[in-house]
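S.K.: Following this message is one structure expressed as structure tokens.
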Amino acid sequence: MSKPSLARGTRDFGPDQMVKRTFIFDTIRRTFQRYGFQPLETPAIENLSVLMGKYGDEGDQLLFKILNSGNYNEKLTGQDWQLDPKQLTTKISEKGLRYDLTVPFARYVVMNRGTLTMPFKRYQLQPVWRADRPQKGRYREFYQCDADVVGTDSLLCEAEIVMMLHTILHELGITDFTIKINNRKILTGIAEAIGAAGQEGPLCVAVDKLDKIGKDKVLAELHERGFSEENTFSLEPMFDLASEAAPFAQLREWLAGSETALKGIDELEQVWRMVEGFGLQNARTQLDVTLARGLSYYTGAIFEVKVNNVQIGSISGGGRYDNLTGTFGVPGLSGVGISLGVDRIYDVMEELDLFPKDQTITTRVMLTNFDAQAANYGLGVLYRLRQAGLNAEMYPDSVKLKKQLDYADRKQIPFVILIGSEEMASGRLTLKNMRTGEQQTGTLEELTAIIQA
RNA sequence: GAGAUUGUAGCUCAGUUGGUUAGAGCGCCAGAUUGUGGUUCUGGAGGUCGCGGGUUCGAGACCCGUCUUUCUCCCCA
């Protein structure tokens, strides 16, 4: 017998934590629904053929793979055991745990495209798993809350994502945040403009670190990655863009030579206009041309949400992908979506002390249990309390009152109804206010009214 | 995947250059109080020192491996 333990990077959530997590889930779900999104759930387990190759080489490595059931080694030859682990994996595992919610969504859309009302708007609140090395704000099992629209190119979707993020964060009490927005087409245009067309991948990896390591080190890294002095010299205008929230004019001037970039700039400006059209006050949006994110499938807008002055990664990310369903044989379906990380939001709110107080009280009133006869009398009372809409429970054992009150105290139950021989004889029950310690007697109706107040 | 770091009671932590029976606070249980919680007092239970090996007369402490925690890189929610 060994002591039980949790698998690395996983956590239990006790009642106190669940109350807080539920608050986050409810807020997000409510907002998604308000914008017309419909719920979807997909299995935790997907075929590896669905998951592999969608997240890049690193992603494939971070996938949790499930060993085939039964005698998984039955069909292996001696030679197979000499294969490198990657190839061996394909022979002994054909299922894995989902890595995000976007790819399973794309699979679902492809499999059900005949029956879906297009454009299809779905939200999905489920855990995902990554075989990452855990650290602050990074877990191996965590919840994502996704909202995606598939089947339309309309930039209204992008604007609504901006609106939803504002609403959700506002309702959670997170006020000091920044929604960074970029467009993949601008990144492509920058690569063209500096004479390194098609090199936006390595360009972004380096430029993405700007606020972390500074301009000089970014330039050094670019040179290391094969960019010439000429390339990086043309990049100079980019470092001057950070001052404004939406420097469209400067961008147009700099990238005038790239049609792709101009299209991206147009798209973003339209999104900005629409957000203004919604009448949103104090928008926390910022155009950030250094924002890159998962380049593997984003083609248009790119989003990322950072909470300011909190040392944690982004709490949300998303973007537009023109051809995600293409890998499942259905090209031409454009989608755009956002994903919120509940676990990081939780950490942020805990650090900033933003959770509403008094959310831990789950039971409103407890009935004591003096003896079998009193408990039996209490059953009817208990039923009526619950019918009155009150969270009520009876202490299950006839033990000394001290113990029962101690239980109520520790569960922070605000009211206790005592029922003993006196109460049964008179029909007037004793109500104890656990906060003040005061007691009074009254009929069940009278007491119920007090408890409900 | 690379580098660093952590692990002693339910929790937070002491534990000297390696030396007898590993401690404290809080919490928990019981009683003081057989119909009254939070305060107080008295008593009590609870540890294979993460796990496995090694060095030593002797290891919680030293060495190796492993798991785990936290952090950096990479990447990400």
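Residue numbers start at 1 in each chain; chains themselves are named A, B, ... in the order of the structure tokens; ligands are numbered from 1 in the order shown.
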Can you check which residues of chain B have any atom within 7 Å of chain A? Use only C-alpha atoms (C1' of nucleotides) and format it as a list in words.

M.R.: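 Per the criterion, chain B yields G35, U36, G37, U70 and A77 of chain B.
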
S.K.: Can you pull out every residue within 10 Å of Pro356 in chain A, counting only C-alpha atoms (C1' of nucleotides), but drop anything in the same chain fewer than 5 positions away, and send it as a count of residues only?

M.R.: 4

S.K.: Interatomic distance between C1' of G47 in chain B and C1' of U8 in chain B?

M.R.: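 C1' of U8 in chain B lies 8.0 Å from C1' of G47 in chain B.
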
S.K.: Determine, counting only C-alpha atoms (C1' of nucleotides), which protein, DNA and RNA residues have an atom within 12 Å of an atom of G19 in chain B; residues of the same chain fewer than 5 positions away are not included. Present the result as a list in words.

M.R.: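 These residues fall inside the cut-off: U56, C57, G58, A59 and A61 of chain B.
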
S.K.: Can you write just those residues out, N, CA, C and O atoms (P, O5', C5', C4', C3', O3' and C1' of nucleotides), as a PDB file, in the first residue's frame?

M.R.:
ATOM      1  P     U B  56      31.252   1.576   3.586  1.00  0.00           P
ATOM      2  O5'   U B  56      30.893   2.299   4.954  1.00  0.00           O
ATOM      3  C5'   U B  56      31.660   3.416   5.394  1.00  0.00           C
ATOM      4  C4'   U B  56      31.006   4.044   6.585  1.00  0.00           C
ATOM      5  C3'   U B  56      30.658   3.077   7.720  1.00  0.00           C
ATOM      6  O3'   U B  56      31.780   2.793   8.534  1.00  0.00           O
ATOM      7  C1'   U B  56      28.838   4.533   7.294  1.00  0.00           C
ATOM      8  P     C B  57      32.000   1.255   9.042  1.00  0.00           P
ATOM      9  O5'   C B  57      30.878   1.088  10.152  1.00  0.00           O
ATOM     10  C5'   C B  57      30.588  -0.220  10.678  1.00  0.00           C
ATOM     11  C4'   C B  57      29.654  -0.076  11.865  1.00  0.00           C
ATOM     12  C3'   C B  57      28.442   0.789  11.637  1.00  0.00           C
ATOM     13  O3'   C B  57      27.386   0.076  11.019  1.00  0.00           O
ATOM     14  C1'   C B  57      29.479   1.453  13.636  1.00  0.00           C
ATOM     15  P     G B  58      26.548   0.740   9.830  1.00  0.00           P
ATOM     16  O5'   G B  58      25.816   1.954  10.562  1.00  0.00           O
ATOM     17  C5'   G B  58      24.771   1.690  11.492  1.00  0.00           C
ATOM     18  C4'   G B  58      24.346   2.946  12.185  1.00  0.00           C
ATOM     19  C3'   G B  58      23.871   4.072  11.269  1.00  0.00           C
ATOM     20  O3'   G B  58      22.532   3.880  10.853  1.00  0.00           O
ATOM     21  C1'   G B  58      25.334   4.948  12.896  1.00  0.00           C
ATOM     22  P     A B  59      22.056   4.382   9.431  1.00  0.00           P
ATOM     23  O5'   A B  59      22.197   5.977   9.504  1.00  0.00           O
ATOM     24  C5'   A B  59      21.400   6.745  10.402  1.00  0.00           C
ATOM     25  C4'   A B  59      20.776   7.916   9.668  1.00  0.00           C
ATOM     26  C3'   A B  59      19.783   7.520   8.566  1.00  0.00           C
ATOM     27  O3'   A B  59      18.789   8.528   8.473  1.00  0.00           O
ATOM     28  C1'   A B  59      21.572   8.698   7.604  1.00  0.00           C
ATOM     29  P     A B  61      18.910  11.199   4.843  1.00  0.00           P
ATOM     30  O5'   A B  61      19.607  12.620   5.056  1.00  0.00           O
ATOM     31  C5'   A B  61      19.131  13.778   4.380  1.00  0.00           C
ATOM     32  C4'   A B  61      19.884  14.992   4.864  1.00  0.00           C
ATOM     33  C3'   A B  61      21.384  14.953   4.592  1.00  0.00           C
ATOM     34  O3'   A B  61      21.843  16.257   4.270  1.00  0.00           O
ATOM     35  C1'   A B  61      20.998  15.094   6.923  1.00  0.00           C
TER      36        A B  61
END

S.K.: Which is closer to A24 in chain B than all the others in B:A9, B:G38, B:U48, B:A2, using only C-alpha atoms (C1' of nucleotides)?

M.R.: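 Distance minimum relative to A24 in chain B lands on B:A9.
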
S.K.: Could you write out, as a ChimeraX atom specification, all the residues of range 182-300 of chain A that DSSP marks as helix (DSSP H, G or I)?

M.R.: /A:184-193,200-207,210-213,215-224,229-234,236-239,241-243,248-254,259-278

S.K.: Record the distance separating CA of Leu255 in chain A and CA of Thr188 in chain A, expressed in Å with one decimal.

M.R.: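 According to the coordinates, CA of Leu255 in chain A and CA of Thr188 in chain A are separated by 10.4 Å.
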
S.K.: Find the residues near Leu262 in chain A: any atom within 9 Å, counting only C-alpha atoms (C1' of nucleotides), skip ones fewer than 4 places away on the same chain, and give them as a PDB file with all heavy atoms, in the first residue's frame.

M.R.:
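Final file, selection.pdb:
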ATOM      1  N   LYS A 185      -2.183  38.627 -42.259  1.00  0.00           N
ATOM      2  CA  LYS A 185      -1.835  39.211 -43.553  1.00  0.00           C
ATOM      3  C   LYS A 185      -0.818  40.344 -43.379  1.00  0.00           C
ATOM      4  O   LYS A 185       0.034  40.570 -44.249  1.00  0.00           O
ATOM      5  CB  LYS A 185      -3.090  39.741 -44.241  1.00  0.00           C
ATOM      6  CG  LYS A 185      -4.094  38.638 -44.571  1.00  0.00           C
ATOM      7  CD  LYS A 185      -5.283  39.182 -45.354  1.00  0.00           C
ATOM      8  CE  LYS A 185      -6.250  38.073 -45.740  1.00  0.00           C
ATOM      9  NZ  LYS A 185      -7.196  37.737 -44.635  1.00  0.00           N
ATOM     10  N   ILE A 186      -0.891  41.034 -42.241  1.00  0.00           N
ATOM     11  CA  ILE A 186       0.082  42.092 -41.984  1.00  0.00           C
ATOM     12  C   ILE A 186       1.461  41.483 -41.775  1.00  0.00           C
ATOM     13  O   ILE A 186       2.469  42.003 -42.264  1.00  0.00           O
ATOM     14  CB  ILE A 186      -0.344  42.927 -40.757  1.00  0.00           C
ATOM     15  CG1 ILE A 186      -1.639  43.685 -41.081  1.00  0.00           C
ATOM     16  CG2 ILE A 186       0.753  43.901 -40.347  1.00  0.00           C
ATOM     17  CD1 ILE A 186      -2.193  44.496 -39.925  1.00  0.00           C
ATOM     18  N   GLY A 189       2.787  40.620 -45.015  1.00  0.00           N
ATOM     19  CA  GLY A 189       3.186  41.842 -45.704  1.00  0.00           C
ATOM     20  C   GLY A 189       4.507  42.384 -45.194  1.00  0.00           C
ATOM     21  O   GLY A 189       5.340  42.868 -45.976  1.00  0.00           O
ATOM     22  N   LEU A 251       1.070  52.288 -40.626  1.00  0.00           N
ATOM     23  CA  LEU A 251       1.212  50.957 -41.211  1.00  0.00           C
ATOM     24  C   LEU A 251       1.025  51.006 -42.723  1.00  0.00           C
ATOM     25  O   LEU A 251       1.790  50.402 -43.476  1.00  0.00           O
ATOM     26  CB  LEU A 251       0.187  50.001 -40.600  1.00  0.00           C
ATOM     27  CG  LEU A 251       0.629  49.205 -39.376  1.00  0.00           C
ATOM     28  CD1 LEU A 251      -0.519  48.334 -38.879  1.00  0.00           C
ATOM     29  CD2 LEU A 251       1.847  48.344 -39.704  1.00  0.00           C
ATOM     30  N   ARG A 252       0.004  51.735 -43.155  1.00  0.00           N
ATOM     31  CA  ARG A 252      -0.277  51.827 -44.595  1.00  0.00           C
ATOM     32  C   ARG A 252       0.909  52.429 -45.324  1.00  0.00           C
ATOM     33  O   ARG A 252       1.283  51.995 -46.410  1.00  0.00           O
ATOM     34  CB  ARG A 252      -1.518  52.680 -44.832  1.00  0.00           C
ATOM     35  CG  ARG A 252      -2.805  51.944 -44.551  1.00  0.00           C
ATOM     36  CD  ARG A 252      -3.939  52.439 -45.448  1.00  0.00           C
ATOM     37  NE  ARG A 252      -5.101  51.603 -45.236  1.00  0.00           N
ATOM     38  CZ  ARG A 252      -5.945  51.771 -44.215  1.00  0.00           C
ATOM     39  NH1 ARG A 252      -5.767  52.744 -43.363  1.00  0.00           N
ATOM     40  NH2 ARG A 252      -6.970  50.953 -44.061  1.00  0.00           N
ATOM     41  N   LEU A 255       3.816  49.810 -45.314  1.00  0.00           N
ATOM     42  CA  LEU A 255       3.596  48.582 -46.060  1.00  0.00           C
ATOM     43  C   LEU A 255       2.841  48.822 -47.369  1.00  0.00           C
ATOM     44  O   LEU A 255       2.194  47.918 -47.891  1.00  0.00           O
ATOM     45  CB  LEU A 255       2.826  47.580 -45.188  1.00  0.00           C
ATOM     46  CG  LEU A 255       3.525  47.235 -43.865  1.00  0.00           C
ATOM     47  CD1 LEU A 255       2.635  46.353 -43.009  1.00  0.00           C
ATOM     48  CD2 LEU A 255       4.864  46.540 -44.128  1.00  0.00           C
ATOM     49  N   ALA A 256       2.930  50.042 -47.886  1.00  0.00           N
ATOM     50  CA  ALA A 256       2.185  50.404 -49.096  1.00  0.00           C
ATOM     51  C   ALA A 256       2.475  49.454 -50.256  1.00  0.00           C
ATOM     52  O   ALA A 256       1.628  49.255 -51.128  1.00  0.00           O
ATOM     53  CB  ALA A 256       2.528  51.835 -49.496  1.00  0.00           C
ATOM     54  N   GLY A 257       3.632  48.850 -50.250  1.00  0.00           N
ATOM     55  CA  GLY A 257       4.015  47.986 -51.358  1.00  0.00           C
ATOM     56  C   GLY A 257       3.392  46.600 -51.321  1.00  0.00           C
ATOM     57  O   GLY A 257       3.472  45.869 -52.301  1.00  0.00           O
ATOM     58  N   SER A 258       2.783  46.248 -50.222  1.00  0.00           N
ATOM     59  CA  SER A 258       2.252  44.885 -50.104  1.00  0.00           C
ATOM     60  C   SER A 258       0.737  44.891 -50.103  1.00  0.00           C
ATOM     61  O   SER A 258       0.090  45.410 -49.195  1.00  0.00           O
ATOM     62  CB  SER A 258       2.759  44.227 -48.810  1.00  0.00           C
ATOM     63  OG  SER A 258       1.980  43.077 -48.539  1.00  0.00           O
ATOM     64  N   ASP A 266      -6.897  46.848 -43.743  1.00  0.00           N
ATOM     65  CA  ASP A 266      -8.300  47.179 -43.972  1.00  0.00           C
ATOM     66  C   ASP A 266      -9.218  46.364 -43.064  1.00  0.00           C
ATOM     67  O   ASP A 266     -10.145  46.888 -42.450  1.00  0.00           O
ATOM     68  CB  ASP A 266      -8.681  46.902 -45.435  1.00  0.00           C
ATOM     69  CG  ASP A 266      -8.230  48.038 -46.353  1.00  0.00           C
ATOM     70  OD1 ASP A 266      -7.920  49.120 -45.814  1.00  0.00           O
ATOM     71  OD2 ASP A 266      -8.180  47.826 -47.567  1.00  0.00           O
ATOM     72  N   GLU A 267      -8.936  45.080 -43.001  1.00  0.00           N
ATOM     73  CA  GLU A 267      -9.772  44.193 -42.188  1.00  0.00           C
ATOM     74  C   GLU A 267      -9.781  44.647 -40.734  1.00  0.00           C
ATOM     75  O   GLU A 267     -10.835  44.753 -40.105  1.00  0.00           O
ATOM     76  CB  GLU A 267      -9.248  42.754 -42.271  1.00  0.00           C
ATOM     77  CG  GLU A 267      -9.545  42.071 -43.608  1.00  0.00           C
ATOM     78  CD  GLU A 267      -9.022  40.641 -43.651  1.00  0.00           C
ATOM     79  OE1 GLU A 267      -8.608  40.109 -42.590  1.00  0.00           O
ATOM     80  OE2 GLU A 267      -9.015  40.053 -44.746  1.00  0.00           O
TER      81      GLU A 267
END

S.K.: Name the residues in contact with C29 in chain B at a cut-off of 12 Å, using only C-alpha atoms (C1' of nucleotides), excluding same-chain residues fewer than 6 positions from it; report them as a list in words.

M.R.: Lys403 of chain A; G43, G44, A45 and G46 of chain B

S.K.: From the list A:Met18, A:Val103, A:Val207, A:Val348, which residue is nearest Met238 in chain A when using only C-alpha atoms?

M.R.: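 Using only C-alpha atoms, the shortest distance to Met238 in chain A belongs to A:Val207.
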
S.K.: Near Lys95 in chain A, within 7 Å and counting only C-alpha atoms (C1' of nucleotides), which residues show up once chain neighbours fewer than 2 positions away are dropped, as a PDB file with all heavy atoms, in the first residue's frame?

M.R.:
ATOM      1  N   ILE A  45     -11.504  11.658 -25.871  1.00  0.00           N
ATOM      2  CA  ILE A  45     -10.611  10.831 -26.687  1.00  0.00           C
ATOM      3  C   ILE A  45     -10.921  11.031 -28.169  1.00  0.00           C
ATOM      4  O   ILE A  45     -12.090  11.002 -28.577  1.00  0.00           O
ATOM      5  CB  ILE A  45     -10.803   9.339 -26.330  1.00  0.00           C
ATOM      6  CG1 ILE A  45     -10.489   9.106 -24.852  1.00  0.00           C
ATOM      7  CG2 ILE A  45      -9.947   8.455 -27.222  1.00  0.00           C
ATOM      8  CD1 ILE A  45     -10.923   7.736 -24.362  1.00  0.00           C
ATOM      9  N   GLU A  46      -9.901  11.256 -28.947  1.00  0.00           N
ATOM     10  CA  GLU A  46     -10.049  11.352 -30.404  1.00  0.00           C
ATOM     11  C   GLU A  46      -9.068  10.372 -31.042  1.00  0.00           C
ATOM     12  O   GLU A  46      -8.069   9.990 -30.430  1.00  0.00           O
ATOM     13  CB  GLU A  46      -9.699  12.774 -30.889  1.00  0.00           C
ATOM     14  CG  GLU A  46     -10.677  13.863 -30.459  1.00  0.00           C
ATOM     15  CD  GLU A  46     -11.891  13.978 -31.384  1.00  0.00           C
ATOM     16  OE1 GLU A  46     -11.947  13.244 -32.397  1.00  0.00           O
ATOM     17  OE2 GLU A  46     -12.774  14.806 -31.087  1.00  0.00           O
ATOM     18  N   ASN A  47      -9.373   9.997 -32.262  1.00  0.00           N
ATOM     19  CA  ASN A  47      -8.396   9.198 -32.992  1.00  0.00           C
ATOM     20  C   ASN A  47      -7.165  10.064 -33.275  1.00  0.00           C
ATOM     21  O   ASN A  47      -7.290  11.243 -33.602  1.00  0.00           O
ATOM     22  CB  ASN A  47      -8.988   8.688 -34.304  1.00  0.00           C
ATOM     23  CG  ASN A  47     -10.014   7.599 -34.065  1.00  0.00           C
ATOM     24  OD1 ASN A  47      -9.846   6.759 -33.175  1.00  0.00           O
ATOM     25  ND2 ASN A  47     -11.094   7.635 -34.825  1.00  0.00           N
ATOM     26  N   LEU A  48      -6.013   9.452 -33.155  1.00  0.00           N
ATOM     27  CA  LEU A  48      -4.790  10.229 -33.380  1.00  0.00           C
ATOM     28  C   LEU A  48      -4.731  10.772 -34.806  1.00  0.00           C
ATOM     29  O   LEU A  48      -4.136  11.815 -35.055  1.00  0.00           O
ATOM     30  CB  LEU A  48      -3.556   9.362 -33.101  1.00  0.00           C
ATOM     31  CG  LEU A  48      -3.166   9.233 -31.614  1.00  0.00           C
ATOM     32  CD1 LEU A  48      -1.930   8.372 -31.462  1.00  0.00           C
ATOM     33  CD2 LEU A  48      -2.949  10.598 -30.984  1.00  0.00           C
ATOM     34  N   LYS A  65      -0.951  10.269 -25.654  1.00  0.00           N
ATOM     35  CA  LYS A  65      -1.382   9.149 -26.486  1.00  0.00           C
ATOM     36  C   LYS A  65      -1.833   8.003 -25.608  1.00  0.00           C
ATOM     37  O   LYS A  65      -1.274   7.762 -24.546  1.00  0.00           O
ATOM     38  CB  LYS A  65      -0.237   8.719 -27.404  1.00  0.00           C
ATOM     39  CG  LYS A  65       0.052   9.757 -28.481  1.00  0.00           C
ATOM     40  CD  LYS A  65       1.521   9.858 -28.798  1.00  0.00           C
ATOM     41  CE  LYS A  65       1.801  11.083 -29.628  1.00  0.00           C
ATOM     42  NZ  LYS A  65       2.699  12.018 -28.909  1.00  0.00           N
ATOM     43  N   ILE A  66      -2.832   7.291 -26.084  1.00  0.00           N
ATOM     44  CA  ILE A  66      -3.412   6.201 -25.315  1.00  0.00           C
ATOM     45  C   ILE A  66      -2.955   4.880 -25.905  1.00  0.00           C
ATOM     46  O   ILE A  66      -3.096   4.639 -27.109  1.00  0.00           O
ATOM     47  CB  ILE A  66      -4.951   6.291 -25.319  1.00  0.00           C
ATOM     48  CG1 ILE A  66      -5.391   7.592 -24.653  1.00  0.00           C
ATOM     49  CG2 ILE A  66      -5.566   5.083 -24.633  1.00  0.00           C
ATOM     50  CD1 ILE A  66      -6.861   7.891 -24.813  1.00  0.00           C
ATOM     51  N   SER A  93      -0.350   2.889 -30.569  1.00  0.00           N
ATOM     52  CA  SER A  93      -1.357   3.835 -30.093  1.00  0.00           C
ATOM     53  C   SER A  93      -2.102   4.438 -31.269  1.00  0.00           C
ATOM     54  O   SER A  93      -1.495   4.912 -32.231  1.00  0.00           O
ATOM     55  CB  SER A  93      -0.682   4.953 -29.292  1.00  0.00           C
ATOM     56  OG  SER A  93      -1.600   5.996 -29.058  1.00  0.00           O
TER      57      SER A  93
END

S.K.: Need the shell around Ile451 in chain A: protein/DNA/RNA residues with any atom at most 12 Å away, counting only C-alpha atoms (C1' of nucleotides). Skip same-chain ones fewer than 4 positions apart. Format as a JSON list (two decimals) with C-alpha atoms, in the first residue's frame?

M.R.:
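Contents of the output file selection-v2.json:
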[["chain", "number", "residue", "atom", "x", "y", "z"],
["A", 363, "THR", "CA", -26.67, 25.30, 2.78],
["A", 364, "ARG", "CA", -29.00, 27.98, 4.11],
["A", 365, "VAL", "CA", -30.53, 26.13, 7.03],
["A", 366, "MET", "CA", -29.77, 22.96, 8.98],
["A", 385, "LEU", "CA", -38.11, 24.14, 3.60],
["A", 386, "ARG", "CA", -36.81, 22.72, 0.35],
["A", 388, "ALA", "CA", -39.82, 26.90, -0.24],
["A", 389, "GLY", "CA", -36.67, 27.03, -2.32],
["A", 390, "LEU", "CA", -34.21, 26.90, 0.56],
["A", 391, "ASN", "CA", -31.03, 24.84, 0.56],
["A", 392, "ALA", "CA", -31.65, 22.73, 3.62],
["A", 413, "ILE", "CA", -24.65, 27.52, 7.52],
["A", 414, "PRO", "CA", -26.34, 30.74, 8.66],
["A", 415, "PHE", "CA", -29.47, 29.22, 10.29],
["A", 416, "VAL", "CA", -30.18, 26.17, 12.42],
["A", 417, "ILE", "CA", -33.63, 24.94, 13.38],
["A", 431, "LEU", "CA", -34.52, 29.08, 15.07],
["A", 432, "LYS", "CA", -30.92, 29.92, 15.82],
["A", 433, "ASN", "CA", -29.08, 32.60, 13.89],
["A", 434, "MET", "CA", -25.55, 31.26, 13.75],
["A", 442, "GLY", "CA", -42.11, 30.47, 15.77],
["A", 444, "LEU", "CA", -42.45, 26.96, 10.38],
["A", 445, "GLU", "CA", -44.06, 29.61, 8.16],
["A", 446, "GLU", "CA", -42.76, 32.42, 10.32],
["A", 447, "LEU", "CA", -39.28, 30.97, 10.49]]

S.K.: Please, what distance in Å, to one decimal, runs between CA of Thr362 in chain A and CA of Leu169 in chain A?

M.R.: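 That distance, rounded to one decimal, is 25.3 Å.
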
S.K.: Go through A:Leu268, A:Phe13, A:Phe328, A:Ala283 one by one, measure the shortest atom-to-atom distance of each to Gly53 in chain A using only C-alpha atoms, and give the residue with the smallest value.

M.R.: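 Smallest separation from Gly53 in chain A among the options: A:Phe328.
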
S.K.: Using DSSP assignments from the backbone, pull out every residue in range 184-393 of chain A that falls under strand (DSSP E or B) and give it to me as an MDAnalysis selection string.

M.R.: chainID A and resid 285:287 301:307 316:321 335:341 365:367 392:393
